[in-house]
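Accompanying notes for the structure given below.
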Amino acid sequence: MSAEDRQRISARWGMQIAAVMAVMALAAELFRINDPWMLLPLGLCVTVSVLWLHFRFSAVDAAVLAVCLYDVATWILNPITGMYAARISLTGLCAYLLLREASCRAESISLFLKLSAGIAGIALAITLASFSIWTRAVHGAGFTDVYPFRFLFRPFGYITNAWASVWLPVLGMLAMGIYRIDRWRKVFGICWVLASVTMLLSFSRGAFVSWAVYVTVLCVSMATWRYRLVLVAVCVFIVGTVWMLFPTETGTTLAMKRTESQRQSTESRFRATEQAMTVIKEHLWTGTGNGSYTLAMDRVLNEDSTRPYTSYAPNVVVQVLVEKGLTGMMLYIGLCAAVVIYWIKYRKKKTMTAIAACLLAVGVKEMTMSIMLADGSVWILTLILLALMQTEAESGNETVKSVRLTAWIRYMPLAVGCCCWIAFMVLDTRLRMDNKAVEQACEAWKKGNHKEALQALEQTSDRFPCRINKAIVAAFAPDSTLSEGYRAKIRQQLELDMNDTDVYADFLRGRLYRLDGKYEEAMLVQQKLESEFPRNASIAYEGAVLLYEIGRKDEAAEQLRRAIWLRPDWLRTEKTQEWLTADPDLRRAVEQGLTVGLAKNEGTAHAYARYGALAYYLNRKKEATEVLEQVVNAQPGYAVPWLLLGQIYREEGKIEQADSCFRKYNLRMKGAFNNSDRAMENEKRNFGEHQLMLVDYAAKFQNWYRCKLMF
């Protein structure tokens, strides 16, 4: 065998290995396989360094390298939350480079497409089967419309909006398989149809719009009317099937603004985009760091107790500008420009426009909700699609010559991967130790061992979230368990770390001032918080406590009424009940202000749901029944109204109706896969003061700091 033949065999095997490794990356992210030791990106980096790179670098390659390496380089801006973005970008970049390597031989790309189709088929089968079980559970609970409960369906842990985004790049890959592999055309075609159906079954407006854009561009770009008619017929079949099976849900989705939740969603996205301008101006060039969107936006967006918290940005442009600044935005614009130029240059290639149409649809979907930067699988799939887009131009070169790279360039991926792996393991070890200590503190607190809880927290590091946990214990532990001056020490530590970002750092600081008897300082902090966040129930309640302690009972009653209106559970805490029982004047002032007029002023289903709960707790059962029945008819996806209605019906002796309400509450709270058909009759919804004050903060804290929160 000649040296040239050996070289060609070596190159062929190398390219097939590259294709298989790219498939492994795709499968690992699609199925969210746990990889705590970060072995996948490390293995991919090793593979990239070992294999020779045979392809010619294009402008798209340079743009992808710049975007991904920028994520790795800016990891230093936000080491903890930026760790996920750095890992995903490194994994995606390696998968991209391996596919670019495989693109030099048509058989390697065919291998990748076949394996990818198999993985997609498995995912589709599991998704559609679980969707069938989920719909039966919703219908079995007595609901005829599954639209209000679509958020309960979470295949592989994805929210439905994210799962729809996953399938857009997969559609592009499947379309490429239809074009390139004749013998597998039916398999790819069936998977394409099922993937489209899966997208539409998310009942996401963004999914419907982006899929329509993709199909329209694909249809227009086809060479003959015959193919166009076939595509139109297939798409009519897909939409018709979904509409026939779920007519109400499809009609609601296509109406765009029929339900109150749809209108609120649209309004909140416009509001988030508008409010983001403030944050963007403060960190114009570098942004606030990867993974920091929700923390950066919290003060201007998420401190209303009546609005749900979401970790997703309204669109990808806002998230890029907030997290990566203008520098990152210019890199993404450069990538888009490189893709457009490449498409114009090779637009006559067979699969080029099909993939370009898919990339356009991904962009449209990202403008309705930013999924790509929050769920790494979408970003990796998009990078894979970018690599496949260039396959048509590369695959004609079957005689491959090795490109001799200098040693430092060839082994750069390995060096970067090893450095990232070491940094990841150091940070992950620190996080594990901190979380373990917080878990020990929580267990001790539940048993009433407050001193032991405090000692456990002292083992944590000096990071800001660990100081927050110490401040929480200092703010809620009995005085007898704290050493003299402990609260002052914790308060000073919080003041040293103050960066006007985390609202609850201010909140805890004010509470520590009050507990130390420094009422003037506490009032200054409280007034500042109330002026900035008038619809935060925890802040309003803390203000009521402060005013009551300094003897300003009329103002305390007003603040307490506001807190209870924003979150009715505050009416049921032990401390509130003690106040109202001991002070009839305070009870009268609070209860008289809690009328249906508050709900009429807001005019939303959520406001009426809160009033219905208050009417029930205030023993206005007849009024509560009327209001709650209206609420569940307008918004059947709410949970508490079903529970309270069930309790009212049971008290009235309507056992069958009560069981139906409890079953619906059970579905809403536990989901469709809890394997329990029993009616939930004695669900407890009593919160302690510390739990209720921190309930809104818990999800944010975990998202911001990757650390567990006390309680």
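In the structure tokens, chains take the letters A, B, ... in the order shown, each chain's residues start at 1, and ligands count up from 1 in the order shown.
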At a cut-off of 9 Å, can you tabulate as CSV every residue of range 413-510 of chain A near range 686-706 of chain A together with its closest atom pair and the distance in Å to one decimal, using only C-alpha atoms and ordering rows by chain then number?
```
residue,atom,partner,partner_atom,distance
A:Leu431,CA,A:Arg706,CA,7.5
A:Asn435,CA,A:Arg706,CA,8.9
A:Phe464,CA,A:Tyr705,CA,8.6
A:Pro465,CA,A:Tyr705,CA,6.5
A:Ile472,CA,A:His690,CA,8.6
A:Ala475,CA,A:His690,CA,9.0
A:Phe476,CA,A:His690,CA,6.8
A:Tyr504,CA,A:Tyr697,CA,7.7
```
Convert the current residue selection to file output with N, CA, C and O atoms, as an mmCIF file, in the first residue's frame.
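Okay, result.cif is ready:
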```
data_model
loop_
_atom_site.group_PDB
_atom_site.id
_atom_site.type_symbol
_atom_site.label_atom_id
_atom_site.label_comp_id
_atom_site.auth_asym_id
_atom_site.auth_seq_id
_atom_site.Cartn_x
_atom_site.Cartn_y
_atom_site.Cartn_z
ATOM 1 N N LEU A 431 -18.645 25.009 44.646
ATOM 2 C CA LEU A 431 -20.107 25.037 44.678
ATOM 3 C C LEU A 431 -20.667 23.841 45.446
ATOM 4 O O LEU A 431 -21.611 23.986 46.236
ATOM 5 N N ASN A 435 -22.990 24.147 48.754
ATOM 6 C CA ASN A 435 -24.355 23.609 48.741
ATOM 7 C C ASN A 435 -24.545 22.531 49.806
ATOM 8 O O ASN A 435 -25.614 22.431 50.418
ATOM 9 N N PHE A 464 -20.633 35.990 47.783
ATOM 10 C CA PHE A 464 -21.791 36.824 48.115
ATOM 11 C C PHE A 464 -23.032 35.995 48.446
ATOM 12 O O PHE A 464 -23.720 36.288 49.441
ATOM 13 N N PRO A 465 -23.398 34.963 47.677
ATOM 14 C CA PRO A 465 -24.589 34.186 48.044
ATOM 15 C C PRO A 465 -24.469 33.509 49.398
ATOM 16 O O PRO A 465 -25.474 33.331 50.093
ATOM 17 N N ILE A 472 -29.729 35.649 56.122
ATOM 18 C CA ILE A 472 -31.074 35.101 56.320
ATOM 19 C C ILE A 472 -31.197 34.474 57.704
ATOM 20 O O ILE A 472 -32.185 34.690 58.420
ATOM 21 N N ALA A 475 -31.330 37.083 60.243
ATOM 22 C CA ALA A 475 -32.569 37.853 60.213
ATOM 23 C C ALA A 475 -33.758 37.097 60.789
ATOM 24 O O ALA A 475 -34.751 37.725 61.175
ATOM 25 N N PHE A 476 -33.686 35.766 60.875
ATOM 26 C CA PHE A 476 -34.853 34.997 61.316
ATOM 27 C C PHE A 476 -34.578 34.106 62.525
ATOM 28 O O PHE A 476 -35.513 33.528 63.069
ATOM 29 N N TYR A 504 -32.790 41.815 47.383
ATOM 30 C CA TYR A 504 -32.957 41.192 48.693
ATOM 31 C C TYR A 504 -31.759 41.415 49.605
ATOM 32 O O TYR A 504 -31.873 41.215 50.816
#
```
What are the closest atom pairs, with distances in Å to one decimal, for each residue of range 367-386 of chain A lying within 12 Å of range 322-341 of chain A, using only C-alpha atoms, rows by chain and rising residue number, as a Markdown table?
```
| residue | atom | partner | partner_atom | distance |
| --- | --- | --- | --- | --- |
| A:Leu373 | CA | A:Glu323 | CA | 10.0 |
| A:Ala374 | CA | A:Glu323 | CA | 11.6 |
| A:Leu383 | CA | A:Leu335 | CA | 11.0 |
| A:Leu385 | CA | A:Val339 | CA | 11.2 |
| A:Leu386 | CA | A:Val339 | CA | 8.1 |
```
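Proximity ranking of A:Gly206, A:Ile409, A:Asp298, A:Val236 relative to Met367 in chain A places A:Gly206 first, based on only C-alpha atoms.
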Residue neighbourhood Arg430 in chain A, 12 Å, only C-alpha atoms, exclusion window fewer than 2 positions, as a PDB file with N, CA, C and O atoms, in the first residue's frame:
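Output contents, as saved in selection.pdb:
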```
ATOM      1  N   PRO A  79     -17.724  34.195  36.729  1.00  0.00           N
ATOM      2  CA  PRO A  79     -17.173  32.832  36.766  1.00  0.00           C
ATOM      3  C   PRO A  79     -18.200  31.737  37.024  1.00  0.00           C
ATOM      4  O   PRO A  79     -18.106  30.661  36.434  1.00  0.00           O
ATOM      5  N   ILE A  80     -19.173  31.988  37.907  1.00  0.00           N
ATOM      6  CA  ILE A  80     -20.099  30.922  38.281  1.00  0.00           C
ATOM      7  C   ILE A  80     -21.190  30.741  37.233  1.00  0.00           C
ATOM      8  O   ILE A  80     -21.334  29.672  36.638  1.00  0.00           O
ATOM      9  N   ALA A 423     -10.533  24.766  35.443  1.00  0.00           N
ATOM     10  CA  ALA A 423     -11.301  25.860  36.047  1.00  0.00           C
ATOM     11  C   ALA A 423     -12.690  25.387  36.456  1.00  0.00           C
ATOM     12  O   ALA A 423     -13.199  25.720  37.537  1.00  0.00           O
ATOM     13  N   PHE A 424     -13.307  24.583  35.595  1.00  0.00           N
ATOM     14  CA  PHE A 424     -14.634  24.058  35.893  1.00  0.00           C
ATOM     15  C   PHE A 424     -14.607  23.209  37.156  1.00  0.00           C
ATOM     16  O   PHE A 424     -15.481  23.332  38.028  1.00  0.00           O
ATOM     17  N   MET A 425     -13.641  22.327  37.279  1.00  0.00           N
ATOM     18  CA  MET A 425     -13.593  21.435  38.426  1.00  0.00           C
ATOM     19  C   MET A 425     -13.338  22.199  39.724  1.00  0.00           C
ATOM     20  O   MET A 425     -13.906  21.870  40.775  1.00  0.00           O
ATOM     21  N   VAL A 426     -12.494  23.244  39.661  1.00  0.00           N
ATOM     22  CA  VAL A 426     -12.231  24.049  40.863  1.00  0.00           C
ATOM     23  C   VAL A 426     -13.505  24.764  41.311  1.00  0.00           C
ATOM     24  O   VAL A 426     -13.878  24.728  42.493  1.00  0.00           O
ATOM     25  N   LEU A 427     -14.194  25.398  40.347  1.00  0.00           N
ATOM     26  CA  LEU A 427     -15.427  26.108  40.680  1.00  0.00           C
ATOM     27  C   LEU A 427     -16.513  25.143  41.135  1.00  0.00           C
ATOM     28  O   LEU A 427     -17.255  25.423  42.090  1.00  0.00           O
ATOM     29  N   ASP A 428     -16.617  24.008  40.463  1.00  0.00           N
ATOM     30  CA  ASP A 428     -17.655  23.043  40.808  1.00  0.00           C
ATOM     31  C   ASP A 428     -17.420  22.466  42.198  1.00  0.00           C
ATOM     32  O   ASP A 428     -18.373  22.236  42.956  1.00  0.00           O
ATOM     33  N   ARG A 432     -20.103  22.668  45.217  1.00  0.00           N
ATOM     34  CA  ARG A 432     -20.586  21.469  45.911  1.00  0.00           C
ATOM     35  C   ARG A 432     -20.402  21.598  47.420  1.00  0.00           C
ATOM     36  O   ARG A 432     -21.288  21.228  48.208  1.00  0.00           O
ATOM     37  N   MET A 433     -19.254  22.112  47.841  1.00  0.00           N
ATOM     38  CA  MET A 433     -19.001  22.266  49.280  1.00  0.00           C
ATOM     39  C   MET A 433     -19.968  23.268  49.897  1.00  0.00           C
ATOM     40  O   MET A 433     -20.510  23.035  50.982  1.00  0.00           O
ATOM     41  N   ASP A 434     -20.190  24.379  49.201  1.00  0.00           N
ATOM     42  CA  ASP A 434     -21.129  25.389  49.715  1.00  0.00           C
ATOM     43  C   ASP A 434     -22.548  24.833  49.805  1.00  0.00           C
ATOM     44  O   ASP A 434     -23.242  25.019  50.811  1.00  0.00           O
ATOM     45  N   ASN A 435     -22.990  24.147  48.754  1.00  0.00           N
ATOM     46  CA  ASN A 435     -24.355  23.609  48.741  1.00  0.00           C
ATOM     47  C   ASN A 435     -24.545  22.531  49.806  1.00  0.00           C
ATOM     48  O   ASN A 435     -25.614  22.431  50.418  1.00  0.00           O
ATOM     49  N   LYS A 436     -23.512  21.724  50.017  1.00  0.00           N
ATOM     50  CA  LYS A 436     -23.597  20.695  51.055  1.00  0.00           C
ATOM     51  C   LYS A 436     -23.744  21.331  52.438  1.00  0.00           C
ATOM     52  O   LYS A 436     -24.546  20.879  53.264  1.00  0.00           O
ATOM     53  N   ALA A 437     -23.002  22.408  52.672  1.00  0.00           N
ATOM     54  CA  ALA A 437     -23.090  23.097  53.964  1.00  0.00           C
ATOM     55  C   ALA A 437     -24.467  23.734  54.148  1.00  0.00           C
ATOM     56  O   ALA A 437     -25.037  23.705  55.252  1.00  0.00           O
ATOM     57  N   GLN A 459     -19.097  27.276  57.526  1.00  0.00           N
ATOM     58  CA  GLN A 459     -18.165  26.459  56.744  1.00  0.00           C
ATOM     59  C   GLN A 459     -18.175  26.825  55.262  1.00  0.00           C
ATOM     60  O   GLN A 459     -17.339  26.351  54.503  1.00  0.00           O
ATOM     61  N   THR A 460     -19.142  27.633  54.851  1.00  0.00           N
ATOM     62  CA  THR A 460     -19.214  28.017  53.444  1.00  0.00           C
ATOM     63  C   THR A 460     -18.146  29.056  53.123  1.00  0.00           C
ATOM     64  O   THR A 460     -17.535  29.642  54.020  1.00  0.00           O
ATOM     65  N   SER A 461     -17.963  29.281  51.827  1.00  0.00           N
ATOM     66  CA  SER A 461     -16.952  30.245  51.389  1.00  0.00           C
ATOM     67  C   SER A 461     -17.430  31.671  51.636  1.00  0.00           C
ATOM     68  O   SER A 461     -18.525  31.897  52.161  1.00  0.00           O
ATOM     69  N   ASP A 462     -16.621  32.619  51.224  1.00  0.00           N
ATOM     70  CA  ASP A 462     -16.942  34.025  51.454  1.00  0.00           C
ATOM     71  C   ASP A 462     -17.637  34.650  50.245  1.00  0.00           C
ATOM     72  O   ASP A 462     -17.674  35.864  50.117  1.00  0.00           O
ATOM     73  N   ARG A 463     -18.204  33.807  49.372  1.00  0.00           N
ATOM     74  CA  ARG A 463     -18.915  34.353  48.214  1.00  0.00           C
ATOM     75  C   ARG A 463     -20.161  35.098  48.653  1.00  0.00           C
ATOM     76  O   ARG A 463     -20.720  34.851  49.721  1.00  0.00           O
ATOM     77  N   CYS A 466     -23.261  33.133  49.793  1.00  0.00           N
ATOM     78  CA  CYS A 466     -23.079  32.537  51.116  1.00  0.00           C
ATOM     79  C   CYS A 466     -23.311  33.579  52.207  1.00  0.00           C
ATOM     80  O   CYS A 466     -23.855  33.271  53.277  1.00  0.00           O
ATOM     81  N   ARG A 706     -26.191  29.846  41.390  1.00  0.00           N
ATOM     82  CA  ARG A 706     -25.968  28.400  41.375  1.00  0.00           C
ATOM     83  C   ARG A 706     -25.695  27.877  42.786  1.00  0.00           C
ATOM     84  O   ARG A 706     -24.839  27.019  43.007  1.00  0.00           O
ATOM     85  N   CYS A 707     -26.443  28.427  43.733  1.00  0.00           N
ATOM     86  CA  CYS A 707     -26.251  28.080  45.141  1.00  0.00           C
ATOM     87  C   CYS A 707     -27.626  27.873  45.770  1.00  0.00           C
ATOM     88  O   CYS A 707     -28.597  28.521  45.376  1.00  0.00           O
TER      89      CYS A 707
END
```
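Separating CA of Ile88 in chain A from CA of Ile380 in chain A is a distance of 7.3 Å.
One distance worth recording is that between CA of Ile564 in chain A and CA of Ala544 in chain A, which is 10.7 Å.
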(request) Determine, counting only C-alpha atoms, which protein, DNA and RNA residues have an atom within 8 Å of an atom of Val170 in chain A; residues of the same chain fewer than 6 positions away are not included. Present the result as JSON, numbers by chain. (result) {"A": [120, 195, 381]}
(message) So that I can check the surroundings of range 132-149 of chain A, please list as a ChimeraX atom specification every protein, DNA and RNA residue that reaches within 7 Å of it, counting only C-alpha atoms and ignoring chain neighbours fewer than 3 positions away.
(response) /A:128-129,152-153,248-249,636-637,663-664,672
(request) Might you pull out every residue within 9 Å of Trp570 in chain A, with only C-alpha atoms counted and same-chain residues fewer than 2 positions away left off, and present them as a ChimeraX atom specification? (result) /A:537-538,541,560,563-568,572-573,576,687,689,692
(message) With only C-alpha atoms as the counted atoms, please give the residues lying no more than 10 Å from Ser261 in chain A, apart from itself and same-chain residues fewer than 5 positions off, as a VMD selection string.
(response) chain A and resid 148 266 to 267 604 to 606 635
Output all heavy atoms for every residue in that selection, as a CSV table (one decimal), in the first residue's frame.
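Listing of selection36.csv after writing:
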```csv
chain,number,residue,atom,x,y,z
A,148,PRO,N,-54.3,25.7,28.5
A,148,PRO,CA,-53.9,26.4,29.7
A,148,PRO,C,-52.9,25.6,30.5
A,148,PRO,O,-52.2,26.1,31.5
A,148,PRO,CB,-55.2,26.5,30.5
A,148,PRO,CG,-56.3,26.4,29.5
A,148,PRO,CD,-55.8,25.5,28.5
A,266,THR,N,-47.4,39.0,25.7
A,266,THR,CA,-46.9,40.0,24.7
A,266,THR,C,-46.5,41.3,25.3
A,266,THR,O,-45.5,41.9,25.0
A,266,THR,CB,-48.1,40.2,23.7
A,266,THR,OG1,-48.4,39.0,23.1
A,266,THR,CG2,-47.6,41.2,22.6
A,267,GLU,N,-47.4,41.7,26.3
A,267,GLU,CA,-47.1,43.0,27.0
A,267,GLU,C,-45.8,42.9,27.8
A,267,GLU,O,-45.0,43.8,27.8
A,267,GLU,CB,-48.3,43.3,27.9
A,267,GLU,CG,-48.0,44.6,28.8
A,267,GLU,CD,-49.1,44.7,29.9
A,267,GLU,OE1,-50.2,44.0,29.8
A,267,GLU,OE2,-48.8,45.4,30.8
A,604,THR,N,-57.9,42.1,36.0
A,604,THR,CA,-57.3,40.8,35.4
A,604,THR,C,-57.8,39.6,36.2
A,604,THR,O,-58.3,39.7,37.3
A,604,THR,CB,-55.7,40.9,35.6
A,604,THR,OG1,-55.4,40.9,37.0
A,604,THR,CG2,-55.1,42.1,34.9
A,605,ALA,N,-57.7,38.5,35.5
A,605,ALA,CA,-58.1,37.2,36.2
A,605,ALA,C,-57.3,36.9,37.4
A,605,ALA,O,-57.8,36.4,38.4
A,605,ALA,CB,-58.0,36.1,35.2
A,606,HIS,N,-56.0,37.3,37.4
A,606,HIS,CA,-55.1,37.1,38.5
A,606,HIS,C,-55.6,37.9,39.7
A,606,HIS,O,-55.6,37.4,40.9
A,606,HIS,CB,-53.7,37.4,38.2
A,606,HIS,CG,-52.7,37.0,39.2
A,606,HIS,ND1,-52.3,37.8,40.3
A,606,HIS,CD2,-51.9,35.9,39.3
A,606,HIS,CE1,-51.4,37.2,41.0
A,606,HIS,NE2,-51.2,36.0,40.5
A,635,GLN,N,-59.6,31.3,33.6
A,635,GLN,CA,-58.2,30.8,33.6
A,635,GLN,C,-58.2,29.5,34.4
A,635,GLN,O,-57.8,29.4,35.5
A,635,GLN,CB,-57.3,31.8,34.4
A,635,GLN,CG,-57.0,33.1,33.6
A,635,GLN,CD,-56.1,32.9,32.4
A,635,GLN,OE1,-55.5,31.8,32.3
A,635,GLN,NE2,-56.0,33.9,31.6
```
(request) Can you work out the spacing between CA of Val316 in chain A and CA of Glu366 in chain A in Å, to one decimal? (result) 5.6 Å
(message) Let's see if you can do this: from backbone DSSP, list all alpha helix (DSSP H) residues in range 169-301 of chain A, as a PyMOL selection string.
(response) chain A and resi 169-180+185-200+205-221+225-245+247-255+260-282+293-301
For C-alpha atoms, I'd like the residues from the last selection saved as a short mmCIF file (atom, residue, chain, number, x, y, z; two decimals), in the first residue's frame.
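As a result, selection_35.cif now contains:
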```cif
data_model
loop_
_atom_site.label_atom_id
_atom_site.label_comp_id
_atom_site.auth_asym_id
_atom_site.auth_seq_id
_atom_site.Cartn_x
_atom_site.Cartn_y
_atom_site.Cartn_z
CA PRO A 169 -32.52 23.05 13.47
CA VAL A 170 -33.39 19.34 13.42
CA LEU A 171 -35.86 20.06 10.60
CA GLY A 172 -32.97 21.53 8.62
CA MET A 173 -30.84 18.45 9.21
CA LEU A 174 -33.68 16.14 8.19
CA ALA A 175 -34.33 18.19 5.04
CA MET A 176 -30.67 17.82 4.13
CA GLY A 177 -30.99 14.05 4.57
CA ILE A 178 -33.98 14.03 2.21
CA TYR A 179 -31.90 15.80 -0.44
CA ARG A 180 -28.67 13.80 -0.04
CA ARG A 185 -35.54 9.59 1.97
CA LYS A 186 -38.72 8.06 3.40
CA VAL A 187 -37.18 7.75 6.87
CA PHE A 188 -36.03 11.38 6.84
CA GLY A 189 -39.41 12.45 5.42
CA ILE A 190 -41.38 10.69 8.16
CA CYS A 191 -39.13 12.19 10.85
CA TRP A 192 -39.55 15.63 9.25
CA VAL A 193 -43.34 15.33 9.40
CA LEU A 194 -43.30 14.09 13.01
CA ALA A 195 -40.88 16.85 14.04
CA SER A 196 -43.18 19.45 12.49
CA VAL A 197 -46.17 17.96 14.31
CA THR A 198 -44.20 18.00 17.58
CA MET A 199 -43.36 21.67 17.07
CA LEU A 200 -46.98 22.62 16.50
CA ARG A 205 -47.19 31.22 18.91
CA GLY A 206 -43.50 31.59 18.16
CA ALA A 207 -43.31 27.97 17.00
CA PHE A 208 -46.25 28.42 14.62
CA VAL A 209 -44.82 31.65 13.15
CA SER A 210 -41.25 30.35 12.73
CA TRP A 211 -42.44 27.05 11.21
CA ALA A 212 -44.62 29.00 8.77
CA VAL A 213 -41.64 31.19 7.80
CA TYR A 214 -39.46 28.12 7.26
CA VAL A 215 -42.02 26.33 5.10
CA THR A 216 -42.79 29.47 3.08
CA VAL A 217 -39.14 30.17 2.24
CA LEU A 218 -38.55 26.49 1.50
CA CYS A 219 -41.54 26.41 -0.84
CA VAL A 220 -40.54 29.59 -2.69
CA SER A 221 -36.97 28.33 -3.20
CA TRP A 225 -44.06 23.48 -9.08
CA ARG A 226 -44.32 19.76 -8.56
CA TYR A 227 -42.12 19.85 -5.48
CA ARG A 228 -43.89 22.96 -4.23
CA LEU A 229 -47.29 21.26 -4.47
CA VAL A 230 -45.96 18.20 -2.66
CA LEU A 231 -44.60 20.38 0.16
CA VAL A 232 -47.85 22.36 0.40
CA ALA A 233 -49.86 19.12 0.53
CA VAL A 234 -47.65 17.71 3.30
CA CYS A 235 -47.89 20.93 5.31
CA VAL A 236 -51.67 21.06 4.92
CA PHE A 237 -51.78 17.47 6.19
CA ILE A 238 -49.62 18.41 9.21
CA VAL A 239 -51.64 21.49 10.16
CA GLY A 240 -54.92 19.72 9.44
CA THR A 241 -53.98 16.79 11.66
CA VAL A 242 -53.03 19.05 14.56
CA TRP A 243 -56.18 21.15 14.08
CA MET A 244 -58.42 18.08 13.85
CA LEU A 245 -56.98 16.55 17.03
CA PRO A 247 -59.16 22.37 17.35
CA THR A 248 -59.63 24.62 20.39
CA GLU A 249 -55.93 24.77 21.26
CA THR A 250 -54.89 25.42 17.65
CA GLY A 251 -57.49 28.15 17.28
CA THR A 252 -56.35 29.80 20.51
CA THR A 253 -52.71 29.71 19.38
CA LEU A 254 -53.46 31.16 15.95
CA ALA A 255 -55.63 33.90 17.45
CA GLU A 260 -55.38 37.01 28.99
CA SER A 261 -52.14 35.05 29.40
CA GLN A 262 -51.30 35.64 25.72
CA ARG A 263 -51.93 39.37 26.09
CA GLN A 264 -49.88 39.56 29.27
CA SER A 265 -47.07 37.59 27.63
CA THR A 266 -46.93 39.99 24.69
CA GLU A 267 -47.09 43.00 26.99
CA SER A 268 -44.37 41.66 29.28
CA ARG A 269 -42.01 41.06 26.33
CA PHE A 270 -42.42 44.62 25.11
CA ARG A 271 -41.95 45.90 28.65
CA ALA A 272 -38.83 43.77 29.18
CA THR A 273 -37.34 45.03 25.91
CA GLU A 274 -38.01 48.62 26.93
CA GLN A 275 -36.62 48.22 30.45
CA ALA A 276 -33.50 46.48 29.14
CA MET A 277 -32.28 49.74 27.62
CA THR A 278 -31.43 51.02 31.11
CA VAL A 279 -29.20 48.04 31.86
CA ILE A 280 -27.62 48.03 28.40
CA LYS A 281 -26.50 51.66 28.73
CA GLU A 282 -24.81 50.93 32.07
CA TYR A 293 -29.54 38.44 32.36
CA THR A 294 -32.11 37.81 35.10
CA LEU A 295 -29.90 39.30 37.83
CA ALA A 296 -29.13 42.40 35.76
CA MET A 297 -32.82 42.88 34.88
CA ASP A 298 -34.29 42.06 38.29
CA ARG A 299 -34.51 45.58 39.69
CA VAL A 300 -36.22 46.99 36.63
CA LEU A 301 -38.44 44.01 35.79
#
```
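If only C-alpha atoms are the atoms counted, then among A:Lys622, A:Arg487, A:Arg588, A:Arg307 the closest residue to Arg535 in chain A is A:Arg307.
Minimum atom-to-atom distance to Leu69 in chain A, evaluated using only C-alpha atoms, belongs to A:Leu90 out of A:Ala599, A:Lys447, A:Leu90, A:Gly157.
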